[in-house]
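Printed here is upload_4.csv (CSV, C-alpha atoms):
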chain,number,residue,atom,x,y,z
A,266,MET,CA,76.6,138.6,19.5
A,267,ASP,CA,73.7,138.2,21.9
A,268,ILE,CA,72.9,141.6,23.6
A,269,GLY,CA,72.6,140.1,27.1
A,270,PHE,CA,76.0,138.3,26.6
A,271,ALA,CA,77.6,141.5,25.4
A,272,ARG,CA,76.3,143.4,28.3
A,273,MET,CA,77.7,140.8,30.8
A,274,LEU,CA,81.1,140.9,29.0
A,275,LYS,CA,81.2,144.7,29.4
A,276,ALA,CA,80.2,144.5,33.0
A,277,ARG,CA,82.8,141.9,33.8
A,278,ALA,CA,85.4,144.0,32.1
A,279,GLY,CA,84.3,146.9,34.3
A,280,PHE,CA,84.6,144.6,37.4
A,281,ALA,CA,88.1,143.6,36.5
A,282,GLN,CA,89.2,147.2,36.1
A,283,CYS,CA,87.5,148.0,39.4
A,284,GLY,CA,89.3,145.2,41.2
A,285,LEU,CA,92.6,146.4,39.8
A,286,LEU,CA,91.9,150.0,40.9
A,287,LEU,CA,90.7,148.7,44.3
A,288,LEU,CA,94.0,146.9,44.8
A,289,CYS,CA,96.0,150.0,43.7
A,290,GLY,CA,93.9,152.2,45.9
A,291,PHE,CA,94.4,150.0,48.9
A,292,PHE,CA,98.2,150.1,48.7
A,293,LEU,CA,98.6,153.6,47.5
A,294,PHE,CA,96.0,155.4,49.5
A,295,GLY,CA,95.3,153.0,52.4
A,296,VAL,CA,91.6,152.8,51.8
A,297,PRO,CA,89.6,149.7,50.7
A,298,GLU,CA,87.4,151.5,48.2
A,299,CYS,CA,87.7,151.8,44.5
A,300,ARG,CA,87.3,155.6,44.3
A,301,ALA,CA,88.5,155.9,40.7
A,302,ALA,CA,86.1,153.3,39.5
A,303,THR,CA,83.1,154.7,41.4
A,304,ARG,CA,83.7,158.2,40.1
A,305,ASP,CA,81.1,158.0,37.3
A,306,LEU,CA,82.2,154.4,36.4
A,307,VAL,CA,83.6,155.4,33.0
A,308,VAL,CA,83.5,151.9,31.8
A,309,GLY,CA,80.0,151.1,30.6
A,310,LEU,CA,78.7,154.7,31.0
A,311,GLU,CA,79.8,156.3,27.8
A,312,ASP,CA,78.3,153.5,25.7
A,313,GLY,CA,75.1,153.5,27.7
A,314,TRP,CA,75.3,150.0,29.2
A,315,ILE,CA,75.0,151.3,32.7
A,316,TRP,CA,72.2,153.5,34.1
A,317,GLN,CA,72.8,155.4,37.3
A,318,VAL,CA,71.0,156.0,40.6
A,319,ALA,CA,72.4,158.2,43.4
A,320,LEU,CA,71.8,157.1,47.0
A,321,LEU,CA,71.2,159.4,50.0
A,322,PRO,CA,71.8,158.2,53.5
A,323,PRO,CA,69.5,157.7,56.5
A,324,GLU,CA,69.5,160.5,59.0
A,325,GLU,CA,71.8,158.4,61.2
A,326,GLY,CA,74.4,158.2,58.4
A,327,TRP,CA,75.8,155.4,56.3
A,328,GLU,CA,77.8,153.8,59.1
A,329,SER,CA,74.7,153.4,61.3
A,330,GLU,CA,72.8,150.1,61.5
A,331,ALA,CA,70.1,151.6,59.3
A,332,GLY,CA,72.7,152.8,56.7
A,333,ILE,CA,74.5,149.4,56.6
A,334,SER,CA,71.3,147.5,56.3
A,335,ALA,CA,70.0,149.7,53.5
A,336,LEU,CA,73.2,149.6,51.5
A,337,GLY,CA,73.4,145.8,51.9
A,338,ALA,CA,69.9,145.4,50.4
A,339,VAL,CA,70.8,147.8,47.5
A,340,ARG,CA,74.0,145.9,46.7
A,341,LEU,CA,72.0,142.6,46.7
A,342,ALA,CA,69.5,144.1,44.3
A,343,GLU,CA,72.2,145.6,42.2
A,344,TRP,CA,74.0,142.2,42.0
A,345,LYS,CA,70.9,140.4,40.9
A,346,VAL,CA,70.5,142.8,37.9
A,347,LYS,CA,74.1,142.3,36.9
A,348,ASP,CA,73.8,138.5,37.3
A,349,SER,CA,70.7,138.2,35.2
A,350,ALA,CA,70.8,137.5,31.5
A,351,ASP,CA,68.9,140.6,30.5
A,352,GLY,CA,69.5,143.1,33.3
A,353,VAL,CA,67.0,145.9,33.2
A,354,SER,CA,66.1,146.5,29.5
A,355,GLY,CA,69.5,145.1,28.6
A,356,ARG,CA,71.3,147.4,31.0
A,357,ASP,CA,73.0,147.3,34.4
A,358,ILE,CA,71.9,149.7,37.1
A,359,ARG,CA,74.6,151.2,39.3
A,360,PHE,CA,73.9,152.8,42.6
A,361,HIS,CA,76.3,155.5,44.0
A,362,LYS,CA,76.5,156.0,47.7
A,363,GLU,CA,76.7,159.7,48.4
A,364,PRO,CA,76.6,162.1,51.4
A,365,GLU,CA,73.5,163.8,52.6
A,366,VAL,CA,72.1,166.9,50.9
A,367,THR,CA,71.9,170.2,52.7
A,368,VAL,CA,70.3,173.5,51.9
A,369,GLU,CA,73.7,174.9,50.9
A,370,THR,CA,74.7,172.0,48.6
A,371,ALA,CA,71.3,171.1,47.0
A,372,ALA,CA,71.6,173.2,43.9
A,373,GLY,CA,75.2,172.0,43.2
A,374,ARG,CA,74.2,168.4,43.8
A,375,VAL,CA,71.3,168.5,41.4
A,376,ALA,CA,73.5,170.1,38.7
A,377,ASP,CA,76.1,167.4,39.3
A,378,TRP,CA,73.6,164.6,39.0
A,379,ARG,CA,72.4,166.0,35.7
A,380,LYS,CA,75.9,166.4,34.4
A,381,ARG,CA,76.6,162.8,35.3
A,382,ASN,CA,73.4,161.6,33.7
A,383,VAL,CA,72.0,160.3,37.0
A,384,SER,CA,68.5,159.2,36.2
A,385,ALA,CA,67.1,158.8,39.8
A,386,VAL,CA,67.9,159.5,43.4
A,387,LEU,CA,66.9,157.0,46.1
A,388,SER,CA,66.8,158.5,49.6
A,389,PHE,CA,66.7,156.7,52.9
A,390,GLY,CA,66.3,160.0,54.8
A,391,GLY,CA,63.3,160.9,56.9
A,392,GLY,CA,61.9,163.4,54.4
A,393,ARG,CA,63.7,166.7,55.2
A,394,GLU,CA,65.6,166.3,51.9
A,395,ILE,CA,62.3,166.4,49.9
A,396,SER,CA,61.7,170.0,50.7
A,397,ILE,CA,65.4,170.9,50.1
A,398,LEU,CA,65.5,169.3,46.7
A,399,ARG,CA,62.1,170.1,45.3
A,400,PRO,CA,62.8,173.6,44.0
A,401,HIS,CA,66.0,172.4,42.3
A,402,LEU,CA,64.5,169.4,40.6
A,403,ALA,CA,61.9,171.7,39.1
A,404,GLY,CA,60.1,168.9,37.3
A,405,ALA,CA,63.1,168.1,35.1
A,406,GLY,CA,64.8,165.4,37.2
A,407,PRO,CA,66.4,163.3,38.3
A,408,VAL,CA,63.5,161.3,39.6
A,409,PHE,CA,63.4,161.4,43.4
A,410,LEU,CA,62.2,158.4,45.5
A,411,SER,CA,61.9,158.4,49.2
A,412,SER,CA,61.9,155.0,50.9
A,413,PHE,CA,59.9,156.7,53.7
A,414,GLY,CA,58.1,160.0,53.0
A,415,GLU,CA,55.2,159.9,55.5
A,416,ASN,CA,56.0,163.5,56.6
A,417,GLY,CA,57.4,164.6,53.3
A,418,ASN,CA,55.1,166.8,51.1
A,419,ILE,CA,55.7,165.8,47.5
A,420,GLN,CA,53.0,168.0,46.1
A,421,ASP,CA,53.5,171.0,44.0
A,422,GLY,CA,51.8,174.4,44.5
A,423,SER,CA,48.6,173.2,42.9
A,424,GLY,CA,48.1,170.3,45.4
A,425,LEU,CA,49.1,167.6,42.9
A,426,PRO,CA,52.2,165.5,43.2
A,427,ASP,CA,55.4,167.0,41.7
A,428,ARG,CA,56.2,165.1,38.4
A,429,MET,CA,59.6,163.9,39.7
A,430,LEU,CA,58.8,163.1,43.4
A,431,PHE,CA,57.7,159.7,44.7
A,432,ALA,CA,57.4,158.0,48.2
A,433,LEU,CA,57.0,154.5,49.5
A,434,ASP,CA,55.0,155.7,52.5
A,435,LEU,CA,51.5,157.0,52.5
A,436,PHE,CA,51.3,160.7,53.4
A,437,ARG,CA,50.4,161.3,57.1
A,438,ASP,CA,46.8,162.2,56.1
A,439,PHE,CA,46.3,158.4,55.7
A,440,ARG,CA,45.1,158.5,59.3
A,441,ILE,CA,41.9,160.2,58.2
A,442,THR,CA,40.8,157.1,56.3
A,443,ALA,CA,42.5,154.8,58.8
A,444,PHE,CA,40.5,156.1,61.8
A,445,ALA,CA,37.3,156.3,59.8
A,446,GLU,CA,37.7,152.6,58.9
A,447,TYR,CA,38.8,151.6,62.4
A,448,ALA,CA,35.7,153.4,63.9
A,449,SER,CA,33.4,151.5,61.5
A,450,ARG,CA,34.9,148.2,62.7
A,451,ILE,CA,34.7,148.7,66.4
A,452,LEU,CA,32.0,151.3,67.2
A,453,PRO,CA,28.3,150.9,67.0
A,454,GLU,CA,26.6,152.7,64.1
A,455,GLU,CA,25.5,156.3,65.0
A,456,SER,CA,28.1,156.5,67.8
A,457,VAL,CA,29.3,160.0,68.7
A,458,VAL,CA,32.9,160.7,67.8
A,459,ALA,CA,34.6,163.9,69.0
A,460,ILE,CA,37.3,165.5,66.9
A,461,LEU,CA,39.9,167.9,68.4
A,462,GLY,CA,41.6,170.2,65.8
A,463,ASP,CA,43.8,173.2,65.7
A,464,LYS,CA,42.3,176.2,63.8
A,465,LEU,CA,45.7,177.9,63.5
A,466,ASP,CA,47.4,175.0,61.7
A,467,PRO,CA,46.0,174.7,58.1
A,468,SER,CA,47.0,171.0,57.8
A,469,LEU,CA,45.5,170.0,61.2
A,470,GLU,CA,42.3,172.0,60.5
A,471,ARG,CA,41.9,170.3,57.1
A,472,PHE,CA,42.6,166.8,58.7
A,473,SER,CA,39.9,167.4,61.3
A,474,ARG,CA,37.3,168.7,58.8
A,475,ASN,CA,37.9,165.8,56.4
A,476,LEU,CA,37.8,163.2,59.1
A,477,GLY,CA,34.5,164.6,60.2
A,478,ASP,CA,33.2,164.2,56.7
A,479,PHE,CA,34.4,160.6,56.4
A,480,LEU,CA,32.9,159.7,59.8
A,481,PHE,CA,29.6,161.3,58.9
A,482,SER,CA,29.5,159.4,55.6
A,483,GLY,CA,30.1,156.3,57.6
A,484,GLY,CA,27.0,156.8,59.8
A,485,PHE,CA,28.6,158.4,62.8
A,486,GLN,CA,27.7,161.6,64.6
A,487,THR,CA,30.6,164.0,65.1
A,488,ALA,CA,31.4,166.8,67.6
A,489,HIS,CA,34.1,169.2,66.6
A,490,PHE,CA,36.3,171.0,69.1
A,491,TRP,CA,39.0,173.6,68.3
A,492,ILE,CA,42.0,174.9,70.1
A,493,PRO,CA,44.0,178.1,69.2
A,494,GLY,CA,47.4,176.7,68.3
A,495,GLY,CA,47.7,174.3,71.2
A,496,GLY,CA,48.3,177.2,73.6
A,497,MET,CA,45.5,176.5,76.0
A,498,ASP,CA,46.1,176.4,79.8
A,499,SER,CA,43.2,174.0,80.4
A,500,PHE,CA,41.1,171.5,78.4
A,501,ARG,CA,38.5,171.0,81.2
A,502,MET,CA,35.7,172.6,79.2
A,503,ILE,CA,36.4,170.5,76.1
A,504,GLU,CA,36.6,167.4,78.3
A,505,ALA,CA,33.2,168.2,79.9
A,506,GLU,CA,31.5,168.9,76.6
A,507,THR,CA,32.9,165.7,75.1
A,508,VAL,CA,31.5,163.7,78.0
A,509,SER,CA,28.1,165.5,77.7
A,510,SER,CA,28.0,164.8,74.0
A,511,GLY,CA,28.1,161.1,74.7
A,512,ALA,CA,31.3,160.6,72.6
A,513,ARG,CA,32.9,157.2,72.9
A,514,VAL,CA,36.1,158.4,71.4
A,515,LEU,CA,38.0,161.7,71.1
A,516,ILE,CA,40.4,161.8,68.0
A,517,SER,CA,43.0,164.5,68.6
A,518,TRP,CA,44.9,166.1,65.8
A,519,ALA,CA,46.7,168.3,68.3
A,520,GLY,CA,50.2,167.5,69.6
A,521,SER,CA,51.1,164.7,72.0
A,522,MET,CA,51.4,167.3,74.8
A,523,VAL,CA,47.7,168.1,74.4
A,524,VAL,CA,46.9,164.4,74.5
A,525,ARG,CA,48.9,164.2,77.7
A,526,ASP,CA,46.9,167.0,79.4
A,527,ILE,CA,43.5,165.5,78.3
A,528,TRP,CA,44.5,162.0,79.4
A,529,ARG,CA,45.5,163.3,82.8
A,530,GLY,CA,42.2,165.1,83.2
A,531,MET,CA,40.1,162.1,82.2
A,532,ARG,CA,41.8,159.1,83.6
A,533,HIS,CA,39.7,158.9,86.8
A,534,ARG,CA,36.6,160.7,85.5
A,535,LYS,CA,33.3,159.0,85.2
A,536,GLY,CA,32.2,158.7,81.5
A,537,ALA,CA,35.7,158.8,80.3
A,538,PHE,CA,36.2,158.5,76.5
A,539,GLU,CA,39.0,156.7,74.6
A,540,ILE,CA,41.7,158.9,73.1
A,541,TRP,CA,43.0,158.3,69.5
A,542,TYR,CA,46.0,160.3,68.6
A,543,GLY,CA,46.2,161.5,65.0
A,544,GLY,CA,50.0,161.7,64.7
A,545,GLU,CA,52.9,159.2,64.7
A,546,PRO,CA,53.4,157.1,67.8
A,547,GLN,CA,55.5,159.3,70.2
A,548,PRO,CA,57.7,158.2,73.1
A,549,LEU,CA,55.8,160.6,75.3
A,550,LEU,CA,52.6,158.7,74.8
A,551,ARG,CA,54.1,155.5,76.4
A,552,SER,CA,53.0,156.8,79.8
A,553,PHE,CA,49.3,157.1,78.9
A,554,ASP,CA,47.6,153.7,79.0
A,555,GLY,CA,44.7,153.3,76.6
A,556,VAL,CA,45.8,155.9,74.0
A,557,VAL,CA,45.4,154.5,70.5
A,558,THR,CA,47.6,155.3,67.5
A,559,ALA,CA,47.8,154.3,63.8
A,560,ASP,CA,51.2,153.4,62.4
A,561,GLN,CA,52.2,152.2,58.9
A,562,ASP,CA,55.8,151.4,59.9
A,563,PHE,CA,55.0,148.8,62.6
A,564,PRO,CA,53.9,146.2,60.0
A,565,VAL,CA,57.2,146.8,58.2
A,566,ARG,CA,59.4,146.5,61.3
A,567,THR,CA,57.7,143.3,62.3
A,568,ASP,CA,57.5,141.6,58.8
A,569,ARG,CA,59.3,138.2,59.1
A,570,THR,CA,59.9,138.2,55.4
A,571,PHE,CA,62.6,140.8,55.9
A,572,ILE,CA,64.5,138.5,58.3
A,573,THR,CA,64.8,136.1,55.3
A,574,LEU,CA,66.0,139.0,53.2
A,575,GLY,CA,68.7,139.8,55.8
A,576,ARG,CA,70.0,136.2,55.6
A,577,GLU,CA,70.2,136.5,51.8
A,578,ILE,CA,72.1,139.7,52.1
A,579,TRP,CA,74.5,138.0,54.5
A,580,ARG,CA,75.1,135.0,52.2
A,581,ARG,CA,75.7,137.3,49.2
A,582,ASN,CA,77.9,140.1,50.6
A,583,LYS,CA,78.5,139.2,54.3
A,584,THR,CA,76.7,142.3,55.5
A,585,THR,CA,75.0,141.9,58.8
A,586,VAL,CA,71.4,143.3,58.7
A,587,ARG,CA,70.5,144.7,62.1
A,588,ASP,CA,67.6,146.8,60.7
A,589,PRO,CA,65.5,144.4,58.7
A,590,GLY,CA,62.8,147.0,58.1
A,591,MET,CA,65.2,149.4,56.5
A,592,ALA,CA,66.7,146.6,54.4
A,593,GLY,CA,63.1,145.8,53.2
A,594,ARG,CA,62.4,149.4,52.4
A,595,ALA,CA,65.7,149.6,50.4
A,596,TYR,CA,65.1,146.4,48.5
A,597,THR,CA,61.5,147.3,47.6
A,598,SER,CA,62.6,150.8,46.5
A,599,CYS,CA,65.2,149.3,44.2
A,600,SER,CA,62.5,147.0,42.7
A,601,TRP,CA,60.2,150.0,42.1
A,602,LEU,CA,63.0,151.7,40.2
A,603,PHE,CA,63.9,148.6,38.2
A,604,GLU,CA,60.4,148.0,37.1
A,605,ALA,CA,60.0,151.7,36.1
A,606,PHE,CA,63.3,151.5,34.1
A,607,ARG,CA,61.8,148.4,32.4
A,608,LEU,CA,58.6,150.1,31.5
A,609,ALA,CA,60.3,153.2,30.3
A,610,GLY,CA,63.0,151.4,28.4
A,611,THR,CA,65.2,154.5,28.8
A,612,SER,CA,67.1,156.4,31.5
A,613,ASP,CA,65.5,159.7,30.5
A,614,PRO,CA,64.1,161.1,33.8
A,615,VAL,CA,60.9,162.5,32.3
A,616,LEU,CA,59.9,159.2,30.8
A,617,LEU,CA,61.2,157.3,33.9
A,618,ALA,CA,58.9,159.5,36.0
A,619,GLU,CA,55.9,158.6,33.9
A,620,ALA,CA,56.7,154.9,34.3
A,621,MET,CA,57.1,155.2,38.1
A,622,LYS,CA,53.4,155.9,38.2
A,623,ARG,CA,52.4,152.7,36.4
A,624,VAL,CA,54.2,150.2,38.6
A,625,GLU,CA,51.9,147.4,39.9
A,626,GLY,CA,52.3,144.2,42.0
A,627,LEU,CA,55.4,145.4,43.9
A,628,ALA,CA,56.5,143.0,46.6
A,629,PHE,CA,57.1,144.8,49.9
A,630,GLY,CA,57.7,141.9,52.3
A,631,SER,CA,54.3,140.3,52.9
A,632,GLN,CA,52.5,143.3,51.3
A,633,THR,CA,51.8,143.8,47.6
A,634,LEU,CA,51.8,147.4,46.4
A,635,SER,CA,50.6,149.2,43.3
A,636,ILE,CA,51.3,152.9,42.7
A,637,ASN,CA,48.6,155.4,42.7
A,638,PRO,CA,49.3,157.9,39.8
A,639,ALA,CA,47.2,160.5,41.7
A,640,THR,CA,49.5,160.5,44.7
A,641,HIS,CA,52.8,159.1,43.5
A,642,ARG,CA,52.6,156.7,46.5
A,643,PRO,CA,51.2,153.2,46.9
A,644,TYR,CA,47.4,153.0,46.8
A,645,GLU,CA,47.4,151.4,50.2
A,646,ARG,CA,49.6,150.1,53.0
A,647,SER,CA,49.1,147.8,56.0
A,648,VAL,CA,48.4,149.9,59.1
A,649,ALA,CA,48.6,148.8,62.7
A,650,PHE,CA,46.3,150.2,65.3
A,651,MET,CA,48.1,150.1,68.6
A,652,SER,CA,47.1,150.8,72.2
A,653,VAL,CA,49.5,151.9,74.9
A,654,GLN,CA,49.7,149.4,77.7
A,655,GLY,CA,52.5,149.1,80.3
A,656,ARG,CA,54.6,151.7,78.6
A,657,GLU,CA,54.6,149.9,75.3
A,658,PHE,CA,52.6,150.1,72.0
A,659,HIS,CA,50.6,146.9,71.6
A,660,PRO,CA,49.0,146.1,68.3
A,661,LEU,CA,45.2,145.7,68.4
A,662,THR,CA,44.6,144.9,64.7
A,663,VAL,CA,46.3,145.3,61.3
A,664,PHE,CA,44.6,145.8,58.0
A,665,PRO,CA,45.2,147.6,54.7
A,666,VAL,CA,44.3,151.3,54.5
A,667,ARG,CA,44.0,153.3,51.3
A,668,GLY,CA,45.5,156.7,51.4
A,669,PRO,CA,43.1,159.5,50.2
A,670,ASP,CA,43.7,160.6,46.7
A,671,PHE,CA,42.9,164.2,47.2
A,672,LEU,CA,41.5,166.2,50.1
A,673,PRO,CA,40.4,169.8,49.7

Please go through the file and, once you have read it, give me the structure as structure tokens.
Amino acid sequence: MDIGFARMLKARAGFAQCGLLLLCGFFLFGVPECRAATRDLVVGLEDGWIWQVALLPPEEGWESEAGISALGAVRLAEWKVKDSADGVSGRDIRFHKEPEVTVETAAGRVADWRKRNVSAVLSFGGGREISILRPHLAGAGPVFLSSFGENGNIQDGSGLPDRMLFALDLFRDFRITAFAEYASRILPEESVVAILGDKLDPSLERFSRNLGDFLFSGGFQTAHFWIPGGGMDSFRMIEAETVSSGARVLISWAGSMVVRDIWRGMRHRKGAFEIWYGGEPQPLLRSFDGVVTADQDFPVRTDRTFITLGREIWRRNKTTVRDPGMAGRAYTSCSWLFEAFRLAGTSDPVLLAEAMKRVEGLAFGSQTLSINPATHRPYERSVAFMSVQGREFHPLTVFPVRGPDFLP
């Protein structure tokens, strides 16, 4: 018998059993969910025809617009595998919706995933779960993929990415290369660029130093200024020295409150410089016209391709997608896992993790991503440079930015 046909027969038998249990569960327990069938999905698991992935919810929960949109995309991706002749390496992939992970439950959850032979965990959380799970995964799995991850550190103690951790977003240090590239596009050669860093924050100190190196290599002059942990009462001296240096721009790696104070001090001053903020766009910044930020999420939120995906999700499973960007992240994350399963040809987490690093040509809406084995993230992402005008962030330009491989 053809392997693909046999696989479909097994899957259909599983669906029939699930439907029966669903009906029983509805009348006996008053819930429209097939709990018995989703508990490890015995049919197809023991004979190896189904490989498993656990799903972790967005911070807002599964019942939020983000959660519903993400799950709708996952179910569409899951159905497409089941409906295909060959599946993924001749197998079905089953996604299990699970509750969030906490510090208290992390060890038990990882042990349970291993007991159930869960190969991978796909998370729609904001990154907090990465630090919670890292010590328990311990390089042995399951594979962990964040559909976000900008603020999630997936590196091990040596500064290299942990073997089991992956993320769809570039790490937040992408703004180092982003601002260096943006400066080269809009500022005259040999312009002075001021950089404000925090000596008491190792990450911000490193970002400031590395940005200075990138700008200097690009033909710019740099002026470094340092603050002691953001606890200064006044930035007047820094403002005056920035003006006297002839700087066209001040790039601040300090917090948004520091940007606020400097903006207020410079808004009516002769020789005022433009302020670029080195963090994520913050609501606080909406009051400060002219402040520039770099954001990798804006191109995702505004990608029209994901509107089409939402319509497909509705046609397939009648799920209304109110967060197209989240649906797009979910669908692309599933595609990344599917391709890694195909390359590995096995559900073994160690071999799957090696395959995750080799995925190329991944469709992410209108972007095409390939994975950088040095970072366990895409090589590059589209980044929007936005200026605050009229209490809104308005895009100035969008172009691909490569995340740095390694910064000392």

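The smallest atom-to-atom distance between Pro614 (chain A) and any of A:Arg379, A:Met531, A:Ile540, A:Asp463, using all atoms listed in the file, is found for A:Arg379.
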
Subject >> One-decimal distance in Å that lies between CA of Thr487 (chain A) and CA of Val514 (chain A) >> reply: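 Answer for the CA of Val514 (chain A) to CA of Thr487 (chain A) separation: 10.1 Å.
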
Subject >> Proximity to Glu330 (chain A) - best of A:Asp670, A:Asp588, A:Glu619, A:Asp478, only C-alpha atoms >> reply: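 Among A:Asp670, A:Asp588, A:Glu619, A:Asp478, it is A:Asp588 that comes nearest to Glu330 (chain A).
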
**OP:** Can you work out which one of A:Asn382, A:Ala350, A:Ser635, A:Glu325 has the shortest atom-to-atom distance to Ser612 (chain A), counting all atoms listed in the file?
**Re:**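 Nearest candidate to Ser612 (chain A) out of A:Asn382, A:Ala350, A:Ser635, A:Glu325: A:Asn382.
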
Selection near region 467-476 of chain A, 8 Å with all atoms listed in the file, sequence-local residues under 6 positions removed, as a PDB file with C-alpha atoms, in the frame of the given file:
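What landed in around.pdb:
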ATOM      1  CA  ASP A 438      46.800 162.200  56.100  1.00  0.00           C
ATOM      2  CA  ILE A 441      41.900 160.200  58.200  1.00  0.00           C
ATOM      3  CA  THR A 442      40.800 157.100  56.300  1.00  0.00           C
ATOM      4  CA  ALA A 445      37.300 156.300  59.800  1.00  0.00           C
ATOM      5  CA  ILE A 460      37.300 165.500  66.900  1.00  0.00           C
ATOM      6  CA  LEU A 461      39.900 167.900  68.400  1.00  0.00           C
ATOM      7  CA  TRP A 518      44.900 166.100  65.800  1.00  0.00           C
ATOM      8  CA  ALA A 519      46.700 168.300  68.300  1.00  0.00           C
ATOM      9  CA  LEU A 672      41.500 166.200  50.100  1.00  0.00           C
ATOM     10  CA  PRO A 673      40.400 169.800  49.700  1.00  0.00           C
TER      11      PRO A 673
END

Original post:
Do you have the CA of Leu320 (chain A)-CA of Leu574 (chain A) distance handy?
Top reply: 20.0 Å

Subject >> Residues within 8 Å of region 643-657 of chain A, only C-alpha atoms, excluding chain neighbours under 3 positions, as number ranges by chain >> reply: A: 432-435, 443, 550-564, 632, 634-637, 640, 660-668

May I have the residues from that selection written out with C-alpha atoms, as a PDB file, in the coordinates of the input?
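What ended up in result-v9.pdb:
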ATOM      1  CA  ALA A 432      57.400 158.000  48.200  1.00  0.00           C
ATOM      2  CA  LEU A 433      57.000 154.500  49.500  1.00  0.00           C
ATOM      3  CA  ASP A 434      55.000 155.700  52.500  1.00  0.00           C
ATOM      4  CA  LEU A 435      51.500 157.000  52.500  1.00  0.00           C
ATOM      5  CA  ALA A 443      42.500 154.800  58.800  1.00  0.00           C
ATOM      6  CA  LEU A 550      52.600 158.700  74.800  1.00  0.00           C
ATOM      7  CA  ARG A 551      54.100 155.500  76.400  1.00  0.00           C
ATOM      8  CA  SER A 552      53.000 156.800  79.800  1.00  0.00           C
ATOM      9  CA  PHE A 553      49.300 157.100  78.900  1.00  0.00           C
ATOM     10  CA  ASP A 554      47.600 153.700  79.000  1.00  0.00           C
ATOM     11  CA  GLY A 555      44.700 153.300  76.600  1.00  0.00           C
ATOM     12  CA  VAL A 556      45.800 155.900  74.000  1.00  0.00           C
ATOM     13  CA  VAL A 557      45.400 154.500  70.500  1.00  0.00           C
ATOM     14  CA  THR A 558      47.600 155.300  67.500  1.00  0.00           C
ATOM     15  CA  ALA A 559      47.800 154.300  63.800  1.00  0.00           C
ATOM     16  CA  ASP A 560      51.200 153.400  62.400  1.00  0.00           C
ATOM     17  CA  GLN A 561      52.200 152.200  58.900  1.00  0.00           C
ATOM     18  CA  ASP A 562      55.800 151.400  59.900  1.00  0.00           C
ATOM     19  CA  PHE A 563      55.000 148.800  62.600  1.00  0.00           C
ATOM     20  CA  PRO A 564      53.900 146.200  60.000  1.00  0.00           C
ATOM     21  CA  GLN A 632      52.500 143.300  51.300  1.00  0.00           C
ATOM     22  CA  LEU A 634      51.800 147.400  46.400  1.00  0.00           C
ATOM     23  CA  SER A 635      50.600 149.200  43.300  1.00  0.00           C
ATOM     24  CA  ILE A 636      51.300 152.900  42.700  1.00  0.00           C
ATOM     25  CA  ASN A 637      48.600 155.400  42.700  1.00  0.00           C
ATOM     26  CA  THR A 640      49.500 160.500  44.700  1.00  0.00           C
ATOM     27  CA  PRO A 660      49.000 146.100  68.300  1.00  0.00           C
ATOM     28  CA  LEU A 661      45.200 145.700  68.400  1.00  0.00           C
ATOM     29  CA  THR A 662      44.600 144.900  64.700  1.00  0.00           C
ATOM     30  CA  VAL A 663      46.300 145.300  61.300  1.00  0.00           C
ATOM     31  CA  PHE A 664      44.600 145.800  58.000  1.00  0.00           C
ATOM     32  CA  PRO A 665      45.200 147.600  54.700  1.00  0.00           C
ATOM     33  CA  VAL A 666      44.300 151.300  54.500  1.00  0.00           C
ATOM     34  CA  ARG A 667      44.000 153.300  51.300  1.00  0.00           C
ATOM     35  CA  GLY A 668      45.500 156.700  51.400  1.00  0.00           C
TER      36      GLY A 668
END
